[in-house]
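Reading through the structure tokens given below for one structure.
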Amino acid sequence: MQGVVMTLAGPFASLLVGVLAYVALCLYVGSFAVGTVYATCFALGALPAEAVLAYPALTMFLFFFLIEISCWWTVLNMLPIFPLDGGQIMQGLMKSGSQVYAISLASAVVMTAVSAVLGAWLLMIFMVLLAVLNHKFYQESRHGGADFH
């Protein structure tokens, strides 16, 4: 259980960076409501013109990208796909290596399909590589490979 808590520290720290960047953005623009609108619009791909005109563009983009990257990386990292943190947490909670790798393989295949539909090609390639890796681990665990417990 200690390993699970230690593994959660990474995603928590990443999410904390995103939250702190969001709070800093809100303080910078002078209002949590305005900061929330700006951050939401940016996440949806539509930056309000007043945000670009009223504040230095480089500063605003720094805030926006820091928030977006921190939050999305946390979500991606917590997927139940080994060796991502979500997969390592799953590994720490389950007894069977073959079950962990089967779930990881299925999750990676689903995420590959979702990435393809969304046109996120780089994410799709990453998920294909994780699927291949987990297929290899699954085969090894089913055919006499060493289990991790």
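Residues in the structure tokens are numbered from 1 in each chain, the chains being A, B, ... in the order shown, and ligands are numbered from 1 in the order shown.
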Non-local contacts of Gly18 (chain A) (10 Å; only C-alpha atoms; under 2 positions in same chain excluded) as a list in words: Phe12, Ala13, Ser14, Leu15, Leu16, Leu20, Ala21, Tyr22, Val23, Ala24, Phe63, Phe64, Phe65, Leu66, Ile67, Glu68, Ile69, Ser70, Cys71, Trp72, Trp73 and Thr74 of chain A
Test item: residues at most 12 Å from Val109 (chain A), only C-alpha atoms, excluding those fewer than 6 positions along its chain, as a count of residues only: 19
Neighbour list for region 84-97 of chain A as a VMD selection string, cut-off 8 Å, only C-alpha atoms, skip fewer than 6 positions in-chain: chain A and resid 1 3 to 4 7 to 8 10 to 11 77 to 78 104 138 141 147 to 149
Would you write out those residues with C-alpha atoms, as a PDB file, in the first residue's frame?
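Once everything was written out, this is result.pdb:
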ATOM      1  CA  MET A   1       0.000   0.000   0.000  1.00  0.00           C
ATOM      2  CA  GLY A   3       3.959   1.947  -3.016  1.00  0.00           C
ATOM      3  CA  VAL A   4       0.490   3.033  -4.128  1.00  0.00           C
ATOM      4  CA  THR A   7       2.970   6.460  -6.896  1.00  0.00           C
ATOM      5  CA  LEU A   8       0.074   8.867  -6.308  1.00  0.00           C
ATOM      6  CA  GLY A  10       3.575  12.237  -8.962  1.00  0.00           C
ATOM      7  CA  PRO A  11       0.090  12.840 -10.399  1.00  0.00           C
ATOM      8  CA  ASN A  77      -0.875   9.424 -16.340  1.00  0.00           C
ATOM      9  CA  MET A  78      -3.720   8.037 -14.203  1.00  0.00           C
ATOM     10  CA  SER A 104      -3.684  -2.421 -19.359  1.00  0.00           C
ATOM     11  CA  TYR A 138       0.610 -10.387 -20.802  1.00  0.00           C
ATOM     12  CA  SER A 141       2.826 -13.699 -17.551  1.00  0.00           C
ATOM     13  CA  ASP A 147       4.816 -12.552 -11.814  1.00  0.00           C
ATOM     14  CA  PHE A 148       5.587  -9.250 -10.117  1.00  0.00           C
ATOM     15  CA  HIS A 149       4.383 -10.330  -6.631  1.00  0.00           C
TER      16      HIS A 149
END
Contact residues around region 37-41 of chain A with only C-alpha atoms at 9 Å, ignoring same-chain residues under 2 positions, as a ChimeraX atom specification: /A:22,25,32-35,43-48,51,63-64,67-68
Residues from last step as file, N, CA, C and O atoms, as an mmCIF file, in the first residue's frame:
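Result went into result-v6.cif, see below:
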data_model
loop_
_atom_site.group_PDB
_atom_site.id
_atom_site.type_symbol
_atom_site.label_atom_id
_atom_site.label_comp_id
_atom_site.auth_asym_id
_atom_site.auth_seq_id
_atom_site.Cartn_x
_atom_site.Cartn_y
_atom_site.Cartn_z
ATOM 1 N N TYR A 22 -3.498 27.993 -12.281
ATOM 2 C CA TYR A 22 -4.851 28.546 -12.424
ATOM 3 C C TYR A 22 -5.081 29.665 -11.407
ATOM 4 O O TYR A 22 -5.594 30.737 -11.752
ATOM 5 N N LEU A 25 -3.153 32.654 -12.482
ATOM 6 C CA LEU A 25 -3.829 33.314 -13.605
ATOM 7 C C LEU A 25 -4.976 34.177 -13.094
ATOM 8 O O LEU A 25 -5.127 35.332 -13.498
ATOM 9 N N PHE A 32 -11.418 35.637 -10.156
ATOM 10 C CA PHE A 32 -11.516 34.200 -10.392
ATOM 11 C C PHE A 32 -12.518 33.893 -11.503
ATOM 12 O O PHE A 32 -12.340 32.953 -12.271
ATOM 13 N N ALA A 33 -13.561 34.689 -11.609
ATOM 14 C CA ALA A 33 -14.562 34.466 -12.663
ATOM 15 C C ALA A 33 -13.944 34.685 -14.042
ATOM 16 O O ALA A 33 -14.115 33.860 -14.948
ATOM 17 N N VAL A 34 -13.216 35.776 -14.204
ATOM 18 C CA VAL A 34 -12.582 36.069 -15.494
ATOM 19 C C VAL A 34 -11.501 35.038 -15.801
ATOM 20 O O VAL A 34 -11.402 34.541 -16.934
ATOM 21 N N GLY A 35 -10.702 34.680 -14.807
ATOM 22 C CA GLY A 35 -9.667 33.666 -15.010
ATOM 23 C C GLY A 35 -10.249 32.329 -15.412
ATOM 24 O O GLY A 35 -9.713 31.637 -16.279
ATOM 25 N N ALA A 43 -9.053 26.075 -23.093
ATOM 26 C CA ALA A 43 -9.133 24.608 -23.140
ATOM 27 C C ALA A 43 -10.029 24.144 -24.279
ATOM 28 O O ALA A 43 -9.801 23.082 -24.864
ATOM 29 N N LEU A 44 -11.025 24.935 -24.625
ATOM 30 C CA LEU A 44 -11.935 24.588 -25.721
ATOM 31 C C LEU A 44 -11.427 25.083 -27.071
ATOM 32 O O LEU A 44 -12.065 24.864 -28.089
ATOM 33 N N GLY A 45 -10.304 25.776 -27.065
ATOM 34 C CA GLY A 45 -9.693 26.210 -28.322
ATOM 35 C C GLY A 45 -10.165 27.554 -28.821
ATOM 36 O O GLY A 45 -9.970 27.883 -29.988
ATOM 37 N N ALA A 46 -10.796 28.356 -27.978
ATOM 38 C CA ALA A 46 -11.287 29.664 -28.394
ATOM 39 C C ALA A 46 -10.877 30.700 -27.367
ATOM 40 O O ALA A 46 -11.560 30.900 -26.371
ATOM 41 N N LEU A 47 -9.774 31.346 -27.596
ATOM 42 C CA LEU A 47 -9.271 32.349 -26.658
ATOM 43 C C LEU A 47 -9.987 33.672 -26.909
ATOM 44 O O LEU A 47 -9.999 34.173 -28.037
ATOM 45 N N PRO A 48 -10.635 34.261 -25.902
ATOM 46 C CA PRO A 48 -11.325 35.541 -26.088
ATOM 47 C C PRO A 48 -10.346 36.639 -26.506
ATOM 48 O O PRO A 48 -9.229 36.713 -26.000
ATOM 49 N N ALA A 51 -8.709 38.798 -23.849
ATOM 50 C CA ALA A 51 -7.602 38.218 -23.096
ATOM 51 C C ALA A 51 -6.283 38.477 -23.810
ATOM 52 O O ALA A 51 -5.259 38.729 -23.176
ATOM 53 N N PHE A 63 0.499 30.868 -18.781
ATOM 54 C CA PHE A 63 -0.505 30.392 -17.828
ATOM 55 C C PHE A 63 -1.355 29.283 -18.429
ATOM 56 O O PHE A 63 -1.558 28.232 -17.827
ATOM 57 N N PHE A 64 -1.872 29.524 -19.631
ATOM 58 C CA PHE A 64 -2.800 28.571 -20.252
ATOM 59 C C PHE A 64 -2.143 27.223 -20.505
ATOM 60 O O PHE A 64 -2.718 26.179 -20.192
ATOM 61 N N ILE A 67 -1.413 25.322 -17.213
ATOM 62 C CA ILE A 67 -2.644 24.728 -16.678
ATOM 63 C C ILE A 67 -3.043 23.505 -17.502
ATOM 64 O O ILE A 67 -3.295 22.424 -16.959
ATOM 65 N N GLU A 68 -3.090 23.672 -18.801
ATOM 66 C CA GLU A 68 -3.566 22.596 -19.669
ATOM 67 C C GLU A 68 -2.646 21.376 -19.644
ATOM 68 O O GLU A 68 -3.114 20.241 -19.499
#
Length of the CA of Ala113 (chain A) to CA of Val75 (chain A) vector [Å]: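 Here the two named atoms are 17.1 Å from each other.
Taking CA of Arg142 (chain A) and CA of Leu79 (chain A) as endpoints, the distance between them is 22.9 Å.
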